[in-house]
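Engineer: File follows, input_4.txt with compact mmCIF, C-alpha atoms (C1' of nucleotides):
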```txt
# COMPACT_ATOMS: atom_id res chain seq x y z
CA MET A 2 -54.49 8.69 0.75
CA SER A 3 -56.63 9.09 -2.36
CA LYS A 4 -56.50 6.65 -5.21
CA PRO A 5 -54.47 7.51 -8.29
CA LYS A 6 -56.54 9.07 -11.04
CA VAL A 7 -56.43 7.18 -14.28
CA ILE A 8 -58.07 7.84 -17.63
CA THR A 9 -59.03 4.81 -19.69
CA ILE A 10 -60.10 4.89 -23.32
CA VAL A 11 -61.99 1.93 -24.69
CA GLY A 12 -63.77 1.12 -27.93
CA PRO A 13 -63.68 -1.53 -30.62
CA THR A 14 -60.72 -1.96 -32.91
CA ALA A 15 -60.38 0.79 -35.53
CA SER A 16 -62.49 3.24 -33.55
CA GLY A 17 -59.74 5.80 -32.95
CA LYS A 18 -58.55 5.09 -29.41
CA THR A 19 -54.92 5.84 -30.22
CA ALA A 20 -55.57 9.30 -31.63
CA LEU A 21 -57.78 10.27 -28.70
CA SER A 22 -55.26 9.03 -26.15
CA ILE A 23 -52.53 11.18 -27.67
CA THR A 24 -54.75 14.24 -27.86
CA LEU A 25 -55.63 13.90 -24.19
CA ALA A 26 -52.07 13.11 -23.14
CA THR A 27 -50.86 16.24 -24.88
CA GLN A 28 -53.55 18.33 -23.27
CA PHE A 29 -53.12 17.03 -19.72
CA SER A 30 -49.41 16.17 -19.61
CA GLY A 31 -50.21 12.52 -19.59
CA GLU A 32 -48.48 9.32 -20.59
CA VAL A 33 -50.10 6.47 -22.44
CA ILE A 34 -50.28 2.89 -21.21
CA SER A 35 -51.24 0.37 -23.86
CA ALA A 36 -53.72 -2.32 -22.84
CA ASP A 37 -53.29 -4.57 -25.81
CA SER A 38 -52.38 -8.23 -25.63
CA ARG A 39 -50.62 -8.20 -29.01
CA GLN A 40 -48.90 -4.83 -29.04
CA VAL A 41 -46.70 -5.97 -26.16
CA TYR A 42 -44.73 -8.03 -28.67
CA ARG A 43 -41.74 -6.65 -30.49
CA GLY A 44 -41.93 -6.66 -34.27
CA MET A 45 -45.70 -6.86 -34.34
CA ASP A 46 -46.44 -3.36 -35.55
CA LEU A 47 -48.58 -2.95 -38.65
CA GLY A 48 -50.47 -6.12 -37.85
CA THR A 49 -51.49 -4.82 -34.44
CA GLY A 50 -52.07 -1.23 -35.46
CA LYS A 51 -49.36 -0.14 -33.08
CA VAL A 52 -48.88 3.59 -32.71
CA THR A 53 -45.90 4.86 -34.71
CA LYS A 54 -43.09 7.03 -33.40
CA ASP A 55 -44.48 9.98 -35.36
CA GLU A 56 -47.99 9.52 -34.07
CA MET A 57 -46.73 9.47 -30.49
CA ALA A 58 -45.88 13.13 -30.86
CA GLY A 59 -43.38 12.89 -28.05
CA ILE A 60 -45.81 11.35 -25.58
CA PRO A 61 -44.19 8.52 -23.59
CA HIS A 62 -45.84 5.15 -24.20
CA HIS A 63 -45.75 2.16 -21.87
CA LEU A 64 -46.22 -1.59 -22.34
CA LEU A 65 -45.32 -1.66 -26.01
CA ASP A 66 -42.55 -3.95 -27.29
CA ILE A 67 -41.89 -5.56 -23.94
CA ALA A 68 -42.10 -9.23 -24.97
CA ASP A 69 -40.56 -11.51 -27.58
CA PRO A 70 -43.20 -13.11 -29.80
CA ALA A 71 -41.07 -16.18 -30.46
CA THR A 72 -40.34 -17.07 -26.86
CA ASP A 73 -42.58 -15.17 -24.44
CA THR A 74 -46.22 -15.69 -23.55
CA TYR A 75 -47.57 -12.48 -22.12
CA THR A 76 -50.66 -12.92 -19.93
CA GLY A 77 -53.27 -10.93 -18.08
CA ALA A 78 -51.32 -11.39 -14.88
CA ASP A 79 -48.28 -9.84 -16.50
CA PHE A 80 -50.40 -6.91 -17.55
CA MET A 81 -51.73 -6.36 -14.04
CA ARG A 82 -48.21 -6.26 -12.69
CA ASP A 83 -46.80 -4.06 -15.45
CA ALA A 84 -49.71 -1.68 -15.71
CA SER A 85 -49.85 -1.18 -11.95
CA ALA A 86 -46.17 -0.38 -11.92
CA ALA A 87 -46.56 2.03 -14.82
CA ILE A 88 -49.46 3.83 -13.17
CA THR A 89 -47.48 4.24 -9.96
CA ASP A 90 -44.48 5.46 -11.86
CA ILE A 91 -46.41 7.97 -13.96
CA THR A 92 -48.41 9.23 -10.98
CA ASN A 93 -45.29 9.64 -8.88
CA ARG A 94 -43.82 11.86 -11.55
CA GLY A 95 -46.90 14.03 -11.36
CA ARG A 96 -48.23 13.04 -14.72
CA LEU A 97 -51.57 11.58 -15.76
CA PRO A 98 -51.81 7.90 -16.74
CA ILE A 99 -53.99 7.32 -19.81
CA ILE A 100 -54.73 3.71 -20.63
CA ALA A 101 -55.81 2.93 -24.18
CA GLY A 102 -56.37 -0.44 -25.66
CA GLY A 103 -58.70 -3.13 -26.82
CA THR A 104 -57.97 -6.00 -24.45
CA PHE A 105 -60.82 -5.40 -22.05
CA PHE A 106 -60.15 -8.57 -20.13
CA TYR A 107 -56.85 -7.04 -19.02
CA LEU A 108 -58.60 -3.84 -18.02
CA ASP A 109 -61.18 -5.71 -16.00
CA LEU A 110 -58.43 -7.51 -14.14
CA LEU A 111 -56.74 -4.20 -13.43
CA ARG A 112 -59.96 -2.64 -12.22
CA GLY A 113 -60.73 -5.52 -9.87
CA LEU A 114 -63.82 -6.53 -11.83
CA ARG A 115 -62.46 -10.01 -12.32
CA THR A 116 -60.16 -11.99 -10.12
CA SER A 117 -57.32 -14.14 -11.23
CA ALA A 118 -55.67 -16.94 -9.34
CA PRO A 119 -52.02 -16.47 -8.38
CA VAL A 120 -50.96 -19.47 -10.42
CA PRO A 121 -48.49 -19.09 -13.27
CA PRO A 122 -48.82 -21.25 -16.38
CA ASN A 123 -47.47 -24.76 -15.95
CA GLU A 124 -46.55 -25.87 -19.45
CA THR A 125 -45.76 -29.43 -18.41
CA LEU A 126 -49.13 -29.93 -16.80
CA ARG A 127 -50.88 -28.22 -19.69
CA ALA A 128 -49.25 -30.54 -22.18
CA GLU A 129 -50.28 -33.52 -20.12
CA LEU A 130 -53.88 -32.36 -19.77
CA GLU A 131 -53.97 -31.55 -23.47
CA THR A 132 -53.84 -35.26 -24.23
CA LYS A 133 -57.11 -35.89 -22.41
CA SER A 134 -60.52 -35.68 -24.00
CA THR A 135 -62.80 -32.79 -23.19
CA ALA A 136 -65.14 -35.15 -21.35
CA GLU A 137 -62.26 -36.41 -19.22
CA LEU A 138 -61.17 -32.88 -18.37
CA SER A 139 -64.74 -32.03 -17.50
CA SER A 140 -65.24 -34.92 -15.10
CA LEU A 141 -61.81 -34.40 -13.63
CA LEU A 142 -62.68 -30.84 -12.71
CA THR A 143 -66.08 -31.86 -11.34
CA GLU A 144 -64.25 -34.34 -9.13
CA ARG A 145 -61.59 -31.90 -7.93
CA ASP A 146 -63.45 -28.60 -7.69
CA GLU A 147 -67.21 -28.83 -7.68
CA ARG A 148 -67.77 -25.13 -7.25
CA ARG A 149 -65.75 -24.08 -10.29
CA ALA A 150 -67.21 -26.97 -12.28
CA ALA A 151 -70.68 -25.59 -11.64
CA THR A 152 -70.05 -22.40 -13.58
CA ILE A 153 -67.35 -23.26 -16.10
CA ASP A 154 -68.06 -23.91 -19.78
CA HIS A 155 -67.52 -27.65 -20.02
CA ALA A 156 -66.92 -27.52 -23.77
CA ASN A 157 -64.06 -25.08 -23.46
CA ARG A 158 -60.86 -27.10 -23.15
CA ARG A 159 -58.66 -24.11 -22.57
CA ARG A 160 -60.71 -22.98 -19.57
CA LEU A 161 -60.95 -26.50 -18.20
CA ILE A 162 -57.19 -26.93 -18.39
CA ARG A 163 -56.54 -23.59 -16.72
CA ALA A 164 -58.98 -24.43 -13.92
CA LEU A 165 -57.27 -27.80 -13.39
CA GLU A 166 -53.92 -26.04 -13.39
CA ILE A 167 -55.10 -23.80 -10.58
CA VAL A 168 -56.57 -26.75 -8.68
CA ASP A 169 -53.30 -28.62 -9.06
CA SER A 170 -51.36 -25.72 -7.61
CA ILE A 171 -53.55 -24.31 -4.82
CA GLY A 172 -56.30 -26.87 -4.33
CA SER A 173 -59.25 -25.00 -5.80
CA VAL A 174 -60.15 -22.07 -7.99
CA PRO A 175 -60.67 -19.02 -5.78
CA GLU A 176 -64.20 -17.66 -5.66
CA THR A 177 -64.76 -14.60 -7.80
CA THR A 178 -64.79 -11.51 -5.70
CA ILE A 179 -65.20 -8.07 -7.13
CA THR A 180 -62.67 -6.03 -5.27
CA ALA A 181 -62.77 -2.27 -5.05
CA SER A 182 -60.77 -0.74 -7.86
CA PRO A 183 -57.40 0.51 -6.67
CA TYR A 184 -57.78 3.43 -9.03
CA ASP A 185 -60.04 6.38 -9.43
CA MET A 186 -60.80 5.77 -13.06
CA LEU A 187 -62.62 7.67 -15.76
CA VAL A 188 -63.57 5.32 -18.57
CA LEU A 189 -64.35 6.92 -21.90
CA GLY A 190 -65.79 4.71 -24.63
CA ILE A 191 -65.88 5.47 -28.33
CA ASP A 192 -69.31 4.59 -29.66
CA ILE A 193 -69.06 3.93 -33.37
CA PRO A 194 -71.88 2.61 -35.58
CA ILE A 195 -71.18 -0.89 -36.82
CA GLU A 196 -71.53 0.03 -40.50
CA ILE A 197 -68.91 2.78 -40.27
CA LEU A 198 -66.69 0.51 -38.24
CA ASN A 199 -66.88 -2.25 -40.84
CA GLU A 200 -65.90 0.16 -43.61
CA ARG A 201 -62.95 1.39 -41.57
CA ILE A 202 -61.86 -2.16 -40.84
CA HIS A 203 -61.80 -3.08 -44.51
CA ARG A 204 -59.99 0.06 -45.56
CA ARG A 205 -57.44 -0.32 -42.81
CA ILE A 206 -56.57 -3.82 -43.99
CA ILE A 207 -55.94 -2.57 -47.52
CA ASP A 208 -53.88 0.36 -46.23
CA ARG A 209 -51.73 -1.85 -44.05
CA ILE A 210 -51.12 -4.33 -46.81
CA ASN A 211 -49.96 -1.42 -48.97
CA GLN A 212 -47.65 -0.45 -46.11
CA SER A 213 -45.96 -3.85 -46.26
CA MET A 214 -47.83 -5.67 -43.50
CA ILE A 215 -47.38 -8.96 -45.33
CA GLU A 216 -43.61 -8.43 -45.44
CA GLU A 217 -43.61 -7.62 -41.74
CA ILE A 218 -45.25 -10.92 -40.97
CA ALA A 219 -42.98 -12.83 -43.35
CA ASN A 220 -40.00 -11.29 -41.54
CA LEU A 221 -41.46 -12.26 -38.21
CA HIS A 222 -41.62 -15.86 -39.40
CA ALA A 223 -38.07 -15.65 -40.74
CA SER A 224 -36.91 -14.44 -37.34
CA GLY A 225 -38.31 -17.47 -35.56
CA VAL A 226 -42.01 -16.98 -34.91
CA SER A 227 -43.73 -20.17 -36.01
CA TYR A 228 -46.86 -20.18 -38.12
CA GLU A 229 -48.51 -22.09 -35.31
CA ARG A 230 -47.79 -19.23 -32.92
CA MET A 231 -49.13 -16.76 -35.45
CA THR A 232 -52.32 -18.77 -35.76
CA ASN A 233 -52.77 -18.36 -32.06
CA PHE A 234 -52.15 -14.62 -32.26
CA GLY A 235 -55.18 -14.44 -34.53
CA LEU A 236 -56.47 -11.93 -37.07
CA GLU A 237 -53.67 -10.45 -39.24
CA TYR A 238 -51.16 -13.02 -38.03
CA ARG A 239 -53.45 -15.99 -38.55
CA SER A 240 -54.83 -14.98 -41.95
CA ILE A 241 -51.56 -13.77 -43.40
CA ALA A 242 -49.70 -16.83 -42.10
CA SER A 243 -52.30 -18.88 -43.90
CA TYR A 244 -51.74 -16.84 -47.06
CA LEU A 245 -47.95 -17.11 -46.79
CA GLN A 246 -48.29 -20.87 -46.56
CA GLY A 247 -50.28 -20.90 -49.77
CA ASN A 248 -53.58 -21.95 -48.24
CA LEU A 249 -55.41 -18.83 -49.39
CA THR A 250 -55.33 -16.46 -52.31
CA LYS A 251 -54.63 -12.86 -51.45
CA GLU A 252 -58.24 -11.92 -52.13
CA ALA A 253 -59.56 -14.74 -49.95
CA MET A 254 -57.12 -13.77 -47.22
CA ILE A 255 -58.36 -10.18 -47.22
CA GLU A 256 -61.94 -11.35 -47.13
CA GLU A 257 -61.29 -13.75 -44.26
CA LEU A 258 -59.34 -11.19 -42.29
CA ALA A 259 -62.06 -8.57 -42.71
CA ALA A 260 -64.70 -11.04 -41.51
CA LYS A 261 -62.63 -12.12 -38.51
CA THR A 262 -61.91 -8.52 -37.58
CA ARG A 263 -65.61 -7.63 -37.81
CA GLN A 264 -66.39 -10.53 -35.51
CA PHE A 265 -63.71 -9.41 -33.10
CA ALA A 266 -65.07 -5.87 -33.09
CA LYS A 267 -68.51 -7.23 -32.34
CA ARG A 268 -67.23 -9.21 -29.39
CA GLN A 269 -65.49 -6.09 -28.12
CA ARG A 270 -68.69 -4.04 -28.39
CA LEU A 271 -70.56 -6.77 -26.57
CA TRP A 272 -68.02 -6.78 -23.76
CA LEU A 273 -68.24 -3.02 -23.38
CA LYS A 274 -72.02 -3.05 -23.54
CA ASN A 275 -72.04 -4.96 -20.28
CA ASP A 276 -69.98 -2.30 -18.52
CA PRO A 277 -72.23 0.37 -17.00
CA SER A 278 -69.36 2.61 -15.90
CA ILE A 279 -68.36 3.71 -19.39
CA ILE A 280 -69.03 7.26 -20.50
CA TRP A 281 -69.83 7.00 -24.19
CA LEU A 282 -68.57 9.49 -26.75
CA PRO A 283 -70.20 9.26 -30.18
CA PHE A 284 -67.92 8.77 -33.18
CA PRO A 285 -66.35 10.89 -34.56
CA VAL A 286 -65.25 11.97 -31.11
CA ASP A 287 -65.68 15.63 -30.30
CA THR A 288 -62.28 16.33 -28.76
CA ASN A 289 -63.61 19.27 -26.78
CA GLU A 290 -66.22 17.10 -25.16
CA ALA A 291 -63.60 14.51 -24.22
CA VAL A 292 -61.36 17.24 -22.82
CA ARG A 293 -64.22 18.59 -20.71
CA TYR A 294 -64.84 15.18 -19.15
CA VAL A 295 -61.18 14.76 -18.31
CA GLU A 296 -60.85 18.29 -17.01
CA ASN A 297 -63.80 17.81 -14.73
CA PHE A 298 -62.44 14.47 -13.59
CA VAL A 299 -58.91 15.56 -12.78
CA THR A 300 -59.98 18.66 -10.89
CA THR A 301 -62.52 16.84 -8.71
CA LEU A 302 -61.17 15.99 -5.28
CA THR A 303 -61.81 12.53 -3.99
C1' G B 10 -74.03 -24.79 -84.93
C1' G B 11 -72.57 -29.82 -82.54
C1' G B 12 -70.84 -32.62 -78.21
C1' C B 13 -69.71 -33.21 -72.99
C1' C B 14 -70.04 -31.61 -67.82
C1' U B 15 -72.69 -28.94 -64.13
C1' A B 16 -76.82 -26.47 -61.03
C1' U B 17 -78.20 -28.30 -52.96
C1' A B 18 -78.03 -22.85 -47.11
C1' G B 19 -75.00 -15.90 -48.43
C1' U B 20 -70.34 -18.96 -49.92
C1' U B 21 -67.48 -23.78 -50.65
C1' C B 22 -69.01 -28.62 -50.76
C1' A B 23 -71.53 -33.72 -48.89
C1' G B 24 -75.77 -36.44 -49.89
C1' U B 25 -77.31 -41.43 -56.56
C1' G B 26 -84.86 -43.57 -54.74
C1' G B 27 -87.16 -43.55 -48.45
C1' U B 28 -88.18 -37.55 -43.10
C1' A B 29 -81.68 -32.62 -46.62
C1' G B 30 -75.82 -32.59 -43.72
C1' A B 31 -70.94 -30.16 -42.87
C1' A B 32 -67.63 -26.16 -42.96
C1' U B 33 -67.73 -21.09 -43.21
C1' G B 34 -70.55 -16.48 -43.11
C1' C B 35 -74.71 -13.81 -40.96
C1' C B 36 -77.32 -12.96 -36.27
C1' G B 37 -77.21 -13.61 -30.77
C1' G B 38 -74.24 -14.85 -26.49
C1' U B 39 -70.13 -16.64 -22.79
C1' U B 40 -65.55 -15.03 -20.59
C1' U B 41 -61.56 -16.58 -12.91
C1' C B 42 -53.71 -15.51 -16.37
C1' C B 43 -52.67 -18.02 -24.37
C1' A B 44 -58.40 -13.21 -24.23
C1' A B 45 -56.97 -10.50 -31.66
C1' A B 46 -57.41 -16.54 -27.99
C1' A B 47 -60.94 -20.19 -26.57
C1' C B 48 -66.11 -21.54 -26.37
C1' C B 49 -71.71 -21.82 -26.96
C1' G B 50 -76.56 -20.99 -29.41
C1' U B 51 -79.89 -19.43 -33.57
C1' U B 52 -80.78 -18.78 -38.77
C1' G B 53 -80.58 -20.64 -43.51
C1' A B 54 -80.91 -24.51 -49.48
C1' C B 55 -82.38 -29.08 -53.34
C1' C B 56 -82.65 -23.52 -60.68
C1' G B 57 -87.79 -23.93 -63.29
C1' A B 58 -91.66 -26.98 -65.69
C1' G B 59 -93.26 -31.71 -66.83
C1' G B 60 -92.67 -37.17 -66.40
C1' U B 61 -91.47 -42.28 -64.06
C1' U B 62 -92.44 -44.14 -58.91
C1' C B 63 -96.16 -45.81 -53.16
C1' G B 64 -92.08 -42.30 -52.60
C1' A B 65 -87.38 -37.95 -56.46
C1' A B 66 -82.06 -33.57 -54.34
C1' U B 67 -81.17 -38.42 -56.44
C1' C B 68 -83.89 -41.48 -62.62
C1' C B 69 -86.02 -39.36 -67.68
C1' U B 70 -87.49 -35.01 -70.99
C1' C B 71 -87.61 -29.92 -72.01
C1' G B 72 -86.24 -25.03 -70.54
C1' U B 73 -82.84 -21.60 -68.13
C1' G B 74 -77.90 -20.28 -66.00
C1' G B 75 -72.64 -21.61 -65.66
C1' G B 76 -68.09 -24.37 -67.40
C1' C B 77 -65.20 -27.21 -71.09
C1' C B 78 -64.23 -29.33 -76.04
C1' C B 79 -65.02 -29.47 -81.44
C1' G B 80 -66.14 -26.38 -85.45
```
Mind turning the file's structure into structure tokens?

Structural biologist:
Amino acid sequence: MSKPKVITIVGPTASGKTALSITLATQFSGEVISADSRQVYRGMDLGTGKVTKDEMAGIPHHLLDIADPATDTYTGADFMRDASAAITDITNRGRLPIIAGGTFFYLDLLRGLRTSAPVPPNETLRAELETKSTAELSSLLTERDERRAATIDHANRRRLIRALEIVDSIGSVPETTITASPYDMLVLGIDIPIEILNERIHRRIIDRINQSMIEEIANLHASGVSYERMTNFGLEYRSIASYLQGNLTKEAMIEELAAKTRQFAKRQRLWLKNDPSIIWLPFPVDTNEAVRYVENFVTTLT
RNA sequence: GGGCCUAUAGUUCAGUGGUAGAAUGCCGGUUUCCAAAACCGUUGACCGAGGUUCGAAUCCUCGUGGGCCCG
């Protein structure tokens, strides 16, 4: 039995992943799976750059609007489960799964490049550990799981707490093993020069604000999403929440958001730079070139 | 025209006589379920000229730039 063929489109935010995914889906009777940790939430549209109904052009999209931002915490493990199911479903119907999104951590989990422990979040334990100092968490982990303690970042409370959560549940953090990918995957990356990207980021912020992004976020708050939660969502949600609370002028908010988005894009590029399996397409993407790669990929027997 | 205030990293601000700090940005990284999160590292400044002093970002004078008040 051969592995399911999957197309994946990666690239930093604002590089044009959405448009390319729809072009390819149209061309190859595909369906799009979003790999985006924020677009899974309902009501978070303009702020996440979620594809609109019109833009979808009739192409089915998966893993959008599947969680409630006020009450759910969607995680990488959820994505693995949901994306796997979507790929199976799409493949079984004889269509081509096309993953597009900017949460590369999720994609790495899906591709078996990183392992995750089968331990769901334990909010009670997390709250308890949260009261401890970073030094205490650090020595606690060293005591309980020497191997994980040897590689973990001892200044990163969030990681320390997660590691201790795993230790508490199954005794130790499993060793990282790179498993063979369950999919036959073609990964196309959009390579966009940083200067062009930064211009696009700034313009996109202005455009979205003109399209009532601030109102969207105010509504989200009115419907029960706390400012604290929004701060954790980051970028648009964090900066605009700050603005709505009167901590920033509109101009300062735009400036902060642009800077944070640039930083995010840089981190994304860095992540992708370390992945040797990506086939890079220079921006602006030559659609014909992308189509040729996919054509070649889907017709090759494995 | 007169008076008062002010000038420190790209930016916002600490530092009032004894080797110039923070936050943030910039640049470079990390990533074992909150990953748009979380975390780490590097870089970088006393407006200019005099003076007082063993020693000046700090005190004095002048200049220059900025702000406020009076006219």

Engineer: Write out as number ranges by chain which residues come within 9 Å of Arg239 (chain A) when counting only C-alpha atoms (C1' of nucleotides), dropping same-chain ones fewer than 5 positions away.

Structural biologist: A: 228-234, 244, 258

Engineer: Write out as an mmCIF file with C-alpha atoms (C1' of nucleotides), keeping the file's coordinate frame which residues come within 12 Å of region 22-35 of chain B when counting only C-alpha atoms (C1' of nucleotides), dropping same-chain ones fewer than 5 positions away.

Structural biologist:
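See out_23.cif below for the written result:
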```
data_model
loop_
_atom_site.group_PDB
_atom_site.id
_atom_site.type_symbol
_atom_site.label_atom_id
_atom_site.label_comp_id
_atom_site.auth_asym_id
_atom_site.auth_seq_id
_atom_site.Cartn_x
_atom_site.Cartn_y
_atom_site.Cartn_z
ATOM 1 C CA GLU A 256 -61.940 -11.350 -47.130
ATOM 2 C CA GLU A 257 -61.290 -13.750 -44.260
ATOM 3 C CA ALA A 259 -62.060 -8.570 -42.710
ATOM 4 C CA ALA A 260 -64.700 -11.040 -41.510
ATOM 5 C CA LYS A 261 -62.630 -12.120 -38.510
ATOM 6 C CA ARG A 263 -65.610 -7.630 -37.810
ATOM 7 C CA GLN A 264 -66.390 -10.530 -35.510
ATOM 8 C "C1'" U B 17 -78.200 -28.300 -52.960
ATOM 9 C "C1'" U B 51 -79.890 -19.430 -33.570
ATOM 10 C "C1'" U B 52 -80.780 -18.780 -38.770
ATOM 11 C "C1'" G B 53 -80.580 -20.640 -43.510
ATOM 12 C "C1'" A B 54 -80.910 -24.510 -49.480
ATOM 13 C "C1'" C B 55 -82.380 -29.080 -53.340
ATOM 14 C "C1'" U B 61 -91.470 -42.280 -64.060
ATOM 15 C "C1'" U B 62 -92.440 -44.140 -58.910
ATOM 16 C "C1'" C B 63 -96.160 -45.810 -53.160
ATOM 17 C "C1'" G B 64 -92.080 -42.300 -52.600
ATOM 18 C "C1'" A B 65 -87.380 -37.950 -56.460
ATOM 19 C "C1'" A B 66 -82.060 -33.570 -54.340
ATOM 20 C "C1'" U B 67 -81.170 -38.420 -56.440
ATOM 21 C "C1'" C B 68 -83.890 -41.480 -62.620
#
```

Engineer: For a test of reading the model, state the distance in Å between CA of Ile153 (chain A) and CA of Ser134 (chain A), rounded to one decimal.

Structural biologist: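 CA of Ser134 (chain A) lies 16.2 Å from CA of Ile153 (chain A).
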
Engineer: Rank nothing, just name the residue among A:Arg201, A:Arg145, A:Lys251, A:Arg127 nearest to chain B, using all atoms listed in the file.

Structural biologist: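 The closest residue to chain B is A:Arg127.
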
Engineer: Could you jot down the CA of Val120 (chain A) to CA of Arg158 (chain A) separation for me, Å, one decimal place?

Structural biologist: 17.8 Å

Engineer: How close does each residue of chain B get to chain A, giving the shortest atom pair and distance in Å to one decimal for every residue with an atom at most 10 Å away, counting all atoms listed in the file, sorted by chain and residue number, as a Markdown table?

Structural biologist:
```
| residue | atom | partner | partner_atom | distance |
| --- | --- | --- | --- | --- |
| B:U33 | C1' | A:Glu257 | CA | 9.8 |
| B:G34 | C1' | A:Ala260 | CA | 8.1 |
| B:G38 | C1' | A:Leu271 | CA | 8.9 |
| B:U39 | C1' | A:Asp154 | CA | 8.1 |
| B:U40 | C1' | A:Phe106 | CA | 8.4 |
| B:U41 | C1' | A:Ser117 | CA | 5.2 |
| B:C42 | C1' | A:Gly77 | CA | 4.9 |
| B:C43 | C1' | A:Thr74 | CA | 6.9 |
| B:A44 | C1' | A:Phe106 | CA | 6.4 |
| B:A45 | C1' | A:Gly235 | CA | 5.2 |
| B:A46 | C1' | A:Asn233 | CA | 6.4 |
| B:A47 | C1' | A:Arg159 | CA | 6.0 |
| B:C48 | C1' | A:Asn157 | CA | 5.0 |
| B:C49 | C1' | A:Ala156 | CA | 8.1 |
```

Engineer: Have a look at CA of Met57 (chain A) and CA of Thr19 (chain A) and let me know their distance in Å, one decimal.

Structural biologist: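 A separation of 9.0 Å between them.
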
Engineer: Using all atoms listed in the file, determine which residues lie at most 10 Å from Asp73 (chain A), disregarding the query and same-chain residues fewer than 5 positions distant; provide the list as an MDAnalysis selection string.

Structural biologist: chainID A and resid 42 67:68

Engineer: Which polymer residues, whether protein, DNA or RNA, lie within 12 Å of the coordinate (-49.7, 5.8, -8.2) when you count only C-alpha atoms (C1' of nucleotides)? List them as a ChimeraX atom specification, using the chain letters and numbers from the file.

Structural biologist: /A:2-7,84-98,183-185
